[in-house]
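Shown next: query-v3.csv, containing CSV, C-alpha atoms.
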chain,number,residue,atom,x,y,z
A,1465,MET,CA,0.0,0.0,0.0
A,1466,SER,CA,1.3,3.4,-0.9
A,1467,ARG,CA,0.6,7.0,0.3
A,1468,LYS,CA,-1.8,9.3,-1.5
A,1469,ARG,CA,-0.1,11.5,-4.0
A,1470,SER,CA,-0.2,15.2,-3.0
A,1471,ASP,CA,-2.0,17.9,-5.1
A,1472,GLU,CA,1.4,19.3,-6.1
A,1473,VAL,CA,2.6,16.0,-7.5
A,1474,ILE,CA,-0.6,15.2,-9.5
A,1475,GLN,CA,-0.6,18.7,-11.0
A,1476,THR,CA,2.6,18.0,-12.7
A,1477,ALA,CA,2.4,14.2,-13.2
A,1478,GLU,CA,2.2,12.8,-16.7
A,1479,TYR,CA,-0.3,10.2,-15.9
A,1480,VAL,CA,-3.1,10.3,-13.3
A,1481,THR,CA,-5.8,8.0,-12.0
A,1482,ILE,CA,-9.5,8.6,-12.3
A,1483,GLY,CA,-9.6,9.6,-8.6
A,1484,GLU,CA,-6.8,12.1,-9.2
A,1485,LEU,CA,-8.8,13.5,-12.2
A,1486,VAL,CA,-11.7,14.1,-9.8
A,1487,ARG,CA,-9.4,16.2,-7.6
A,1488,LEU,CA,-8.0,18.1,-10.6
A,1489,THR,CA,-11.2,18.9,-12.3
A,1490,GLY,CA,-13.9,18.8,-9.6
A,1491,VAL,CA,-16.1,16.6,-11.8
A,1492,ARG,CA,-17.9,13.7,-10.1
A,1493,TYR,CA,-16.3,10.2,-10.3
A,1494,SER,CA,-19.5,8.7,-11.7
A,1495,THR,CA,-19.5,11.3,-14.5
A,1496,LEU,CA,-15.9,10.6,-15.4
A,1497,LYS,CA,-16.6,6.9,-15.4
A,1498,TYR,CA,-19.5,7.4,-17.7
A,1499,TYR,CA,-17.3,9.5,-20.1
A,1500,THR,CA,-14.7,6.8,-20.0
A,1501,GLU,CA,-17.1,4.0,-20.8
A,1502,GLU,CA,-18.7,6.1,-23.6
A,1503,GLY,CA,-15.3,6.7,-25.1
A,1504,PHE,CA,-15.2,10.5,-24.5
A,1505,LEU,CA,-12.2,10.2,-22.2
A,1506,HIS,CA,-9.1,8.3,-23.4
A,1507,PHE,CA,-7.1,6.1,-21.1
A,1508,GLU,CA,-4.3,3.5,-21.0
A,1509,GLN,CA,-4.5,0.3,-19.1
A,1510,GLU,CA,-1.6,-0.9,-17.0
A,1511,GLU,CA,-1.1,-4.6,-17.7
A,1512,GLU,CA,-0.1,-5.6,-14.2
A,1513,ASN,CA,-3.3,-4.8,-12.2
A,1514,LEU,CA,-5.6,-3.4,-14.9
A,1515,THR,CA,-5.5,0.1,-13.4
A,1516,ARG,CA,-6.8,2.7,-15.9
A,1517,ARG,CA,-4.5,5.7,-16.2
A,1518,TYR,CA,-5.1,8.9,-18.0
A,1519,GLN,CA,-2.7,11.2,-19.8
A,1520,ARG,CA,-3.2,14.3,-17.5
A,1521,VAL,CA,-3.1,17.1,-20.1
A,1522,GLN,CA,-5.2,15.3,-22.7
A,1523,ALA,CA,-7.8,14.1,-20.1
A,1524,ILE,CA,-8.2,17.6,-18.7
A,1525,ARG,CA,-8.6,19.0,-22.2
A,1526,GLU,CA,-11.3,16.4,-23.0
A,1527,ILE,CA,-13.2,17.0,-19.7
A,1528,GLU,CA,-13.1,20.8,-20.3
A,1529,GLU,CA,-14.4,20.2,-23.9
A,1530,MET,CA,-17.2,18.0,-22.5
A,1531,LYS,CA,-18.1,20.6,-19.9
A,1532,ARG,CA,-18.2,23.4,-22.5
A,1533,MET,CA,-20.5,21.4,-24.8
A,1534,ARG,CA,-22.8,20.4,-21.9
A,1535,SER,CA,-23.1,24.0,-20.9
A,1536,GLU,CA,-24.1,24.9,-24.4
A,1537,GLY,CA,-27.0,22.6,-23.9
A,1538,LEU,CA,-25.9,19.7,-26.1
A,1539,SER,CA,-27.1,16.2,-25.1
A,1540,ILE,CA,-24.7,13.3,-24.8
A,1541,GLU,CA,-26.1,11.9,-28.1
A,1542,GLN,CA,-25.4,15.2,-29.9
A,1543,ILE,CA,-21.9,15.3,-28.5
A,1544,ARG,CA,-21.3,11.8,-29.7
A,1545,GLN,CA,-22.6,12.8,-33.2
A,1546,LYS,CA,-20.4,15.9,-33.3
A,1547,ARG,CA,-17.3,13.9,-32.4
A,1548,LEU,CA,-18.1,11.3,-35.1
A,1549,GLU,CA,-18.5,14.1,-37.6
A,1550,LYS,CA,-15.2,15.6,-36.5
A,1551,LYS,CA,-13.5,12.3,-36.8
A,1552,ALA,CA,-14.9,11.6,-40.3
A,1553,GLY,CA,-13.8,15.1,-41.4
A,1554,THR,CA,-10.1,14.6,-40.4
B,961,MET,CA,-5.6,17.7,3.8
B,962,THR,CA,-4.9,15.2,6.6
B,963,VAL,CA,-7.0,12.2,7.3
B,964,ALA,CA,-8.5,13.9,10.4
B,965,GLU,CA,-9.4,17.0,8.4
B,966,GLN,CA,-10.9,14.9,5.6
B,967,TYR,CA,-13.0,12.9,8.0
B,968,ALA,CA,-14.1,15.9,10.0
B,969,LEU,CA,-15.2,17.7,6.9
B,970,ILE,CA,-17.5,14.8,5.9
B,971,ALA,CA,-18.6,13.9,9.4
B,972,MET,CA,-19.4,17.4,10.7
B,973,ASN,CA,-21.3,18.4,7.5
B,974,GLY,CA,-24.9,19.1,8.7
B,975,VAL,CA,-24.1,18.7,12.4
B,976,GLU,CA,-25.7,21.4,14.6
B,977,LEU,CA,-23.3,23.5,16.8
B,978,GLY,CA,-23.4,22.6,20.5
B,979,LYS,CA,-25.7,19.6,19.9
B,980,LYS,CA,-24.7,16.6,21.9
B,981,ASN,CA,-25.8,13.0,21.4
B,982,VAL,CA,-24.2,9.6,21.2
B,983,LEU,CA,-23.9,9.7,17.5
B,984,ILE,CA,-22.1,13.1,17.5
B,985,ARG,CA,-19.9,11.8,20.4
B,986,ARG,CA,-18.9,8.8,18.2
B,987,LYS,CA,-18.1,11.1,15.3
B,988,LYS,CA,-15.9,13.2,17.6
B,989,ASN,CA,-14.1,10.0,18.8
B,990,CYS,CA,-13.5,9.1,15.2
B,991,ILE,CA,-11.9,12.6,14.6
B,992,LEU,CA,-9.6,11.8,17.6
B,993,ALA,CA,-8.7,8.4,16.1
B,994,ALA,CA,-8.1,10.1,12.7
B,995,TYR,CA,-5.7,12.5,14.3
B,996,GLU,CA,-3.8,9.5,15.8
B,997,LEU,CA,-3.9,7.8,12.4
B,998,ASP,CA,-2.2,10.8,10.7
B,999,GLU,CA,0.7,10.3,13.1
B,1000,ILE,CA,0.8,6.5,12.7
B,1001,LEU,CA,0.9,6.7,8.9
B,1002,LYS,CA,4.2,8.5,9.2
B,1003,ILE,CA,5.8,5.4,10.6
B,1004,GLU,CA,7.6,3.3,8.0
B,1005,ASP,CA,7.9,0.0,9.8
B,1006,GLU,CA,4.7,-2.1,9.4
B,1007,SER,CA,4.8,-4.0,12.7
B,1008,GLU,CA,5.5,-0.8,14.7
B,1009,LYS,CA,2.6,0.9,12.9
B,1010,GLU,CA,0.2,-1.8,14.0
B,1011,GLU,CA,1.4,-1.9,17.6
B,1012,ARG,CA,1.3,1.9,17.9
B,1013,PHE,CA,-2.2,2.0,16.4
B,1014,HIS,CA,-3.7,-0.3,19.0
B,1015,GLN,CA,-1.8,1.5,21.8
B,1016,ARG,CA,-3.0,4.9,20.7
B,1017,ILE,CA,-6.7,3.8,20.3
B,1018,LYS,CA,-6.6,2.4,23.8
B,1019,GLU,CA,-5.2,5.6,25.2
B,1020,LEU,CA,-8.0,7.6,23.6
B,1021,SER,CA,-10.5,6.0,26.0
B,1022,LYS,CA,-8.5,7.3,28.9
B,1023,LEU,CA,-8.8,11.0,27.8
B,1024,SER,CA,-11.1,13.2,29.8
B,1025,ALA,CA,-14.2,14.6,28.0
B,1026,LYS,CA,-12.7,18.1,28.2
B,1027,GLU,CA,-9.4,17.0,26.6
B,1028,ARG,CA,-11.3,15.2,23.9
B,1029,GLU,CA,-13.4,18.3,23.1
B,1030,LYS,CA,-10.3,20.4,23.0
B,1031,ARG,CA,-8.6,18.1,20.5
B,1032,VAL,CA,-11.6,17.9,18.2
B,1033,ASP,CA,-12.0,21.7,18.3
B,1034,VAL,CA,-8.4,22.1,17.0
B,1035,VAL,CA,-9.3,20.1,13.8
B,1036,VAL,CA,-12.8,21.6,13.3
B,1037,ASN,CA,-11.7,25.2,14.0
B,1038,LYS,CA,-8.8,24.9,11.5
B,1039,LEU,CA,-11.3,23.8,8.8
B,1040,VAL,CA,-13.6,26.7,9.7
B,1041,ALA,CA,-10.6,29.2,9.6
B,1042,GLU,CA,-9.6,27.9,6.2
B,1043,GLY,CA,-13.2,28.2,4.9
B,1044,LYS,CA,-13.5,24.5,4.3
B,1045,LEU,CA,-16.2,24.2,6.9
B,1046,GLU,CA,-18.8,27.0,7.2
B,1047,VAL,CA,-21.2,27.9,9.9
B,1048,ILE,CA,-24.7,28.5,8.6
B,1049,SER,CA,-28.3,28.7,9.9
B,1050,ALA,CA,-29.5,25.1,10.7
B,1051,LEU,CA,-31.9,23.4,8.3
B,1052,MET,CA,-34.1,22.8,11.2
B,1053,ASP,CA,-34.8,26.5,11.5
B,1054,SER,CA,-36.9,26.3,8.3
B,1055,ASP,CA,-39.3,23.8,10.1
B,1056,LEU,CA,-42.8,25.2,10.7
B,1057,TYR,CA,-42.6,24.6,14.4
B,1058,MET,CA,-39.2,26.2,14.9
B,1059,GLU,CA,-40.2,29.2,12.8
B,1060,GLU,CA,-43.3,29.8,14.8
B,1061,ALA,CA,-41.4,29.3,18.1
B,1062,GLY,CA,-38.7,31.6,16.9
B,1063,VAL,CA,-36.0,29.1,17.8
B,1064,THR,CA,-32.7,29.4,15.8
B,1065,SER,CA,-29.6,27.3,15.7
B,1066,LYS,CA,-26.4,26.9,13.6
B,1067,GLN,CA,-25.0,24.0,11.8
B,1068,TYR,CA,-21.7,23.2,9.9
B,1069,ARG,CA,-21.6,22.9,6.2
B,1070,ALA,CA,-18.7,21.7,4.2
B,1071,GLU,CA,-17.5,23.8,1.3
B,1072,LYS,CA,-19.1,22.2,-1.8
B,1073,SER,CA,-16.0,21.8,-4.0
B,1074,VAL,CA,-13.8,20.5,-1.2
B,1075,PHE,CA,-16.5,18.1,0.0
B,1076,LEU,CA,-17.1,16.8,-3.6
B,1077,ALA,CA,-13.3,16.4,-4.2
B,1078,THR,CA,-12.9,14.5,-0.9
B,1079,THR,CA,-15.9,12.1,-1.2
B,1080,GLU,CA,-15.6,11.5,-5.0
B,1081,TYR,CA,-11.8,10.8,-4.7
B,1082,LEU,CA,-12.7,8.2,-2.0
B,1083,ARG,CA,-15.4,6.7,-4.2
B,1084,ALA,CA,-13.1,6.5,-7.2
B,1085,GLU,CA,-10.2,4.8,-5.3
B,1086,ILE,CA,-12.5,2.3,-3.6
B,1087,LEU,CA,-14.6,1.4,-6.7
B,1088,GLU,CA,-11.9,1.4,-9.3
B,1089,GLU,CA,-9.5,-1.4,-9.9
B,1090,GLY,CA,-6.0,-0.6,-8.6
B,1091,GLU,CA,-4.1,0.3,-5.5
B,1092,ILE,CA,-5.9,1.8,-2.5
B,1093,SER,CA,-3.8,4.4,-0.6
B,1094,GLU,CA,-3.3,4.2,3.1
B,1095,GLU,CA,-5.2,7.5,3.6
B,1096,VAL,CA,-8.2,6.3,1.8
B,1097,LEU,CA,-8.1,3.0,3.7
B,1098,CYS,CA,-8.1,4.9,7.0
B,1099,LEU,CA,-10.9,7.3,5.9
B,1100,THR,CA,-13.0,4.3,4.8
B,1101,TRP,CA,-12.6,2.7,8.3
B,1102,LEU,CA,-13.6,5.9,10.0
B,1103,LEU,CA,-16.6,6.4,7.8
B,1104,LYS,CA,-17.7,2.8,8.5
B,1105,GLN,CA,-17.4,3.4,12.2
B,1106,SER,CA,-19.8,6.4,12.1
B,1107,ASP,CA,-22.2,5.3,9.4
B,1108,GLU,CA,-21.3,8.1,7.0
B,1109,TRP,CA,-20.4,5.2,4.7
B,1110,ASN,CA,-24.1,4.7,3.9
B,1111,THR,CA,-24.4,8.3,2.6
B,1112,ILE,CA,-21.4,8.0,0.2
B,1113,PHE,CA,-22.0,4.7,-1.6
B,1114,SER,CA,-25.2,3.4,-3.1
B,1115,ILE,CA,-26.4,-0.1,-2.2
B,1116,SER,CA,-24.9,-1.8,-5.3
B,1117,GLU,CA,-21.6,0.1,-4.9
B,1118,LYS,CA,-21.4,-0.9,-1.3
B,1119,GLU,CA,-21.3,-4.6,-2.2
B,1120,ASN,CA,-18.4,-3.9,-4.6
B,1121,ALA,CA,-16.6,-1.7,-2.0
B,1122,GLU,CA,-17.0,-4.3,0.8
B,1123,SER,CA,-15.5,-7.1,-1.3
B,1124,ARG,CA,-12.5,-4.9,-2.2
B,1125,ILE,CA,-12.0,-4.1,1.5
B,1126,LEU,CA,-12.2,-7.7,2.4
B,1127,LYS,CA,-9.7,-8.6,-0.2
B,1128,LEU,CA,-7.4,-5.9,1.1
B,1129,CYS,CA,-7.7,-7.2,4.6
B,1130,LEU,CA,-6.7,-10.6,3.5
B,1131,GLU,CA,-3.6,-9.3,1.8
B,1132,ASN,CA,-2.5,-6.5,4.2
B,1133,SER,CA,-2.0,-6.9,7.9
B,1134,PHE,CA,-2.4,-3.2,8.7
B,1135,ALA,CA,-5.7,-3.1,6.9
B,1136,LYS,CA,-6.8,-6.3,8.8
B,1137,ASN,CA,-5.8,-4.8,12.1
B,1138,LEU,CA,-7.5,-1.5,11.3
B,1139,PHE,CA,-10.9,-3.1,10.4
B,1140,MET,CA,-10.8,-5.4,13.5
B,1141,GLU,CA,-10.7,-2.3,15.7
B,1142,ARG,CA,-13.9,-0.6,16.8
B,1143,ILE,CA,-14.4,3.0,17.9
B,1144,GLY,CA,-16.8,3.0,20.9
B,1145,VAL,CA,-18.7,5.7,22.7
B,1146,PHE,CA,-16.9,5.9,26.0
B,1147,GLY,CA,-19.2,6.1,29.0
B,1148,ALA,CA,-22.5,5.7,27.1
B,1149,ASP,CA,-25.3,4.6,29.4
B,1150,PHE,CA,-28.4,2.6,28.5
B,1151,TYR,CA,-30.3,5.7,27.2
B,1152,GLY,CA,-27.3,6.6,25.2
B,1153,PHE,CA,-27.1,3.2,23.7
B,1154,LEU,CA,-30.8,3.4,22.7
B,1155,SER,CA,-30.2,6.8,21.2
B,1156,TYR,CA,-27.3,5.4,19.3
B,1157,ILE,CA,-29.3,2.6,17.8
B,1158,ARG,CA,-32.0,5.1,16.9
B,1159,GLY,CA,-29.4,7.3,15.2
B,1160,ARG,CA,-27.9,4.5,13.3
B,1161,MET,CA,-31.4,3.5,12.1
B,1162,LEU,CA,-31.8,6.9,10.5
B,1163,TYR,CA,-29.1,5.9,8.0
B,1164,THR,CA,-31.2,3.0,6.7
B,1165,GLN,CA,-34.0,3.0,4.1
B,1166,PHE,CA,-36.3,1.5,6.8
B,1167,GLY,CA,-35.5,4.3,9.3
B,1168,ILE,CA,-36.0,7.0,6.7
B,1169,GLY,CA,-39.4,5.6,5.7
B,1170,LEU,CA,-40.5,5.2,9.3
B,1171,VAL,CA,-39.5,8.8,10.2
B,1172,SER,CA,-41.3,10.2,7.2
B,1173,ARG,CA,-44.5,8.5,8.5
B,1174,MET,CA,-43.9,9.4,12.1
B,1175,PRO,CA,-41.9,12.6,12.2
B,1176,VAL,CA,-42.2,12.8,16.0
B,1177,LEU,CA,-39.5,10.0,16.1
B,1178,ALA,CA,-36.8,12.3,14.7
B,1179,ARG,CA,-37.9,15.9,14.0
B,1180,ARG,CA,-34.6,16.9,12.6
B,1181,GLU,CA,-34.8,14.2,10.0
B,1182,ALA,CA,-38.3,15.2,8.9
B,1183,VAL,CA,-38.3,19.0,8.5
B,1184,PHE,CA,-41.6,20.3,7.5
B,1185,ILE,CA,-41.5,23.5,5.4
B,1186,ALA,CA,-44.8,25.4,5.1
B,1187,THR,CA,-45.7,26.7,1.7
B,1188,ASP,CA,-47.9,29.8,1.3
B,1189,SER,CA,-50.5,28.0,-0.7
B,1190,TYR,CA,-51.4,24.6,-1.9
B,1191,PHE,CA,-49.3,24.2,-5.1
B,1192,THR,CA,-50.8,21.8,-7.6
B,1193,ASN,CA,-47.8,22.4,-9.8
B,1194,ALA,CA,-44.7,20.4,-8.6
B,1195,ALA,CA,-42.3,22.8,-10.3
B,1196,GLU,CA,-43.8,25.9,-8.6
B,1197,ARG,CA,-43.8,24.1,-5.2
B,1198,THR,CA,-40.1,23.0,-5.6
B,1199,GLN,CA,-39.1,26.5,-6.7
B,1200,PHE,CA,-40.9,28.0,-3.7
B,1201,VAL,CA,-39.1,25.7,-1.3
B,1202,LYS,CA,-35.8,26.3,-3.0
B,1203,GLU,CA,-36.1,30.0,-2.8
B,1204,LYS,CA,-37.1,29.9,0.8
B,1205,LEU,CA,-34.1,27.7,1.8
B,1206,GLU,CA,-31.7,29.9,-0.3
B,1207,LYS,CA,-32.9,33.0,1.5
B,1208,LYS,CA,-31.8,31.3,4.8
B,1209,GLY,CA,-28.3,30.7,3.3
B,1210,HIS,CA,-28.7,27.1,2.3
B,1211,PHE,CA,-27.1,25.8,-0.9
B,1212,CYS,CA,-29.9,24.2,-3.0
B,1213,GLU,CA,-29.8,22.5,-6.3
B,1214,VAL,CA,-32.7,20.7,-8.0
B,1215,LYS,CA,-31.5,17.3,-9.1
B,1216,GLN,CA,-34.8,15.9,-10.4
B,1217,MET,CA,-38.1,17.6,-10.9
B,1218,GLY,CA,-41.3,15.7,-10.3
B,1219,LYS,CA,-44.2,15.0,-8.0
B,1220,VAL,CA,-41.6,14.3,-5.4
B,1221,SER,CA,-38.6,16.4,-6.4
B,1222,LEU,CA,-35.1,15.6,-5.5
B,1223,LEU,CA,-32.9,18.4,-4.1
B,1224,GLU,CA,-29.3,18.6,-3.0
B,1225,ILE,CA,-29.3,20.8,0.2
B,1226,ASP,CA,-26.0,21.5,1.8
B,1227,ASN,CA,-24.2,18.4,0.4
B,1228,ALA,CA,-27.0,16.0,1.3
B,1229,PHE,CA,-29.9,14.8,-0.8
B,1230,TYR,CA,-33.6,15.2,0.1
B,1231,GLU,CA,-36.9,14.4,-1.5
B,1232,LEU,CA,-39.6,17.0,-1.2
B,1233,VAL,CA,-42.7,15.1,-0.2
B,1234,PRO,CA,-46.0,17.1,-0.4
B,1235,ASP,CA,-47.6,17.0,3.1
B,1236,MET,CA,-50.0,18.7,5.4
B,1237,ASP,CA,-49.3,19.4,9.1
B,1238,HIS,CA,-52.2,20.7,11.3
B,1239,ARG,CA,-54.0,22.0,8.2
B,1240,VAL,CA,-50.9,23.8,6.9
B,1241,PHE,CA,-49.8,22.9,3.4
B,1242,GLY,CA,-46.1,22.3,2.8
B,1243,VAL,CA,-43.4,19.7,2.1
B,1244,ARG,CA,-41.6,17.3,4.3
B,1245,LEU,CA,-37.9,16.8,3.6
B,1246,ARG,CA,-37.1,13.1,3.4
B,1247,ARG,CA,-33.5,12.1,3.4
B,1248,TYR,CA,-32.5,10.4,0.2
B,1249,MET,CA,-29.9,7.6,0.3
B,1250,LEU,CA,-28.0,6.9,-2.9
Any chance you could put this one into structure tokens?
Amino acid sequence: MSRKRSDEVIQTAEYVTIGELVRLTGVRYSTLKYYTEEGFLHFEQEEENLTRRYQRVQAIREIEEMKRMRSEGLSIEQIRQKRLEKKAGT
Amino acid sequence: MTVAEQYALIAMNGVELGKKNVLIRRKKNCILAAYELDEILKIEDESEKEERFHQRIKELSKLSAKEREKRVDVVVNKLVAEGKLEVISALMDSDLYMEEAGVTSKQYRAEKSVFLATTEYLRAEILEEGEISEEVLCLTWLLKQSDEWNTIFSISEKENAESRILKLCLENSFAKNLFMERIGVFGADFYGFLSYIRGRMLYTQFGIGLVSRMPVLARREAVFIATDSYFTNAAERTQFVKEKLEKKGHFCEVKQMGKVSLLEIDNAFYELVPDMDHRVFGVRLRRYML
């Protein structure tokens, strides 16, 4: 068992856990879990104990993007559609 | 934040200032234990850690009531000074009877973003696959001791969480020793014991249902808010109650609108059940468990 990583450490870490993302963004765990399962939030899986880890900068950017679209009144379905269109366009 | 501060933030949220009962005494004993755990976690050697833990917990029971209060105040006052714990008008003040009697009281409320970050981090670490930190393990044990555990996890999540803790106890001797220890209420008499059982029941679905039928059993858990008129429209009724509570300084957010709306009031969830008390129309606040 290890000690909890401090805020200073996670603010500069390359990879963070979902719990640490909660601390960094203030978004509920259940929301982040949902975004992960729906593919809105990218992660890497460590082979050893199957822990999901997130690339901090990219994950925060994706969460901010989701927050912005939700505040604009878009539904999850509309966001999914928009992302698909964006992907097809590139 | 230390384990003691994190635990105090969760446990003191919604607690009325100056109110004394067995459940609050237990919470305060847990704050004392958390304070000791912060010191114990600094020890590197595992066997010494376990030994010191049992020794310090035993020593706590020998402390005088005055000394215990003093130590708890240090933790709570620090949170208040940092703005992580606020002192607001008690929710009970909005109750029809309290309003008419002109009785006022104060309660603690945890700052929303800090409360969310603390509880959601705990949820994430317990429910996700991967390592559980020592701090989260200690916080889990403390929350289980004082029943706050039931307000953080839903019934289905609790099953998953329990099995993870059990697995951890089988693998780690500090975890095993921690969960074998119980925080008691020192010097509780028979009445205190009954009061404790009653308090614990309020954290169960059965208890919540019973109190909403018979508010006299626990008035603080069945606050009745009078509305000016009989609202047939649920949205108008909810809006009226929300505005009334906000005027008194409570943080309110409508989570679900309906015949029985769901509101988050000061970091806790309540259902607004339309009710009538002595021919006065209003709503009864029923605690909502996840």
Which residue gives the smallest distance to Arg1467 (chain A) among B:Thr962, B:Gln1165, B:Ser1093, B:Ser1116, with all atoms listed in the file counted?
B:Ser1093
Find the residues in chain A near chain B: any atom within 12 Å counts, using only C-alpha atoms. Write them as a PyMOL selection string.
chain A and resi 1465-1471+1481-1497+1509-1517
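Taking all atoms listed in the file into account, those protein, DNA and RNA residues with any atom at most 8 Å away from (-3.6, 18.5, -16.5) amount to Gln1475, Thr1476, Leu1488, Arg1520, Val1521, Gln1522, Ala1523, Ile1524 and Arg1525 of chain A.
Computed from the coordinates, the CA of Asp998 (chain B) to CA of Glu1042 (chain B) distance equals 19.2 Å.
With all atoms listed in the file as the atoms that count, the residue of B:Asn1193, B:Thr1198, B:Thr1064, B:Ser1114 with the shortest distance to Thr1164 (chain B) is B:Ser1114.
Residue nearest Lys987 (chain B), chosen from B:Asp1237, B:Glu1181, B:Glu1108, B:Glu1117 and counting only C-alpha atoms: B:Glu1108.
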For region 1104-1106 of chain B, find every residue with an atom within 9 Å (counting all atoms listed in the file), except residues of its own chain fewer than 3 positions away, and show them as JSON, numbers by chain.
{"B": [971, 983, 984, 986, 987, 990, 1099, 1100, 1101, 1109, 1110, 1142, 1143, 1144, 1160]}
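We find CA of Ala1477 (chain A) and CA of Phe1504 (chain A) to be spaced 21.2 Å apart.
For the pair CA of Val1040 (chain B) and CA of Ala994 (chain B), the interatomic distance is 17.7 Å.
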Find the residues around Asp1053 (chain B) up to 12 Å (all atoms listed in the file counted), leave out those fewer than 6 positions away in its own chain, and share them as a PyMOL selection string.
chain B and resi 976+1059-1067+1179-1180+1183-1186+1204-1205+1208-1210
Emit the selected residues as a tab-separated table (two decimals), in the frame of the given file, including C-alpha atoms.
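Now in part34.tsv:
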chain	number	residue	atom	x	y	z
B	976	GLU	CA	-25.70	21.40	14.60
B	1059	GLU	CA	-40.20	29.20	12.80
B	1060	GLU	CA	-43.30	29.80	14.80
B	1061	ALA	CA	-41.40	29.30	18.10
B	1062	GLY	CA	-38.70	31.60	16.90
B	1063	VAL	CA	-36.00	29.10	17.80
B	1064	THR	CA	-32.70	29.40	15.80
B	1065	SER	CA	-29.60	27.30	15.70
B	1066	LYS	CA	-26.40	26.90	13.60
B	1067	GLN	CA	-25.00	24.00	11.80
B	1179	ARG	CA	-37.90	15.90	14.00
B	1180	ARG	CA	-34.60	16.90	12.60
B	1183	VAL	CA	-38.30	19.00	8.50
B	1184	PHE	CA	-41.60	20.30	7.50
B	1185	ILE	CA	-41.50	23.50	5.40
B	1186	ALA	CA	-44.80	25.40	5.10
B	1204	LYS	CA	-37.10	29.90	0.80
B	1205	LEU	CA	-34.10	27.70	1.80
B	1208	LYS	CA	-31.80	31.30	4.80
B	1209	GLY	CA	-28.30	30.70	3.30
B	1210	HIS	CA	-28.70	27.10	2.30
List the neighbours of Gly1218 (chain B) out to 12 Å using only C-alpha atoms; skip same-chain residues closer than 6 positions along the sequence, and give me the result as an mmCIF file with C-alpha atoms, in the frame of the given file.
data_model
loop_
_atom_site.group_PDB
_atom_site.id
_atom_site.type_symbol
_atom_site.label_atom_id
_atom_site.label_comp_id
_atom_site.auth_asym_id
_atom_site.auth_seq_id
_atom_site.Cartn_x
_atom_site.Cartn_y
_atom_site.Cartn_z
ATOM 1 C CA THR B 1192 -50.800 21.800 -7.600
ATOM 2 C CA ASN B 1193 -47.800 22.400 -9.800
ATOM 3 C CA ALA B 1194 -44.700 20.400 -8.600
ATOM 4 C CA ALA B 1195 -42.300 22.800 -10.300
ATOM 5 C CA GLU B 1196 -43.800 25.900 -8.600
ATOM 6 C CA ARG B 1197 -43.800 24.100 -5.200
ATOM 7 C CA THR B 1198 -40.100 23.000 -5.600
ATOM 8 C CA GLN B 1199 -39.100 26.500 -6.700
ATOM 9 C CA GLU B 1231 -36.900 14.400 -1.500
ATOM 10 C CA LEU B 1232 -39.600 17.000 -1.200
ATOM 11 C CA VAL B 1233 -42.700 15.100 -0.200
ATOM 12 C CA PRO B 1234 -46.000 17.100 -0.400
#
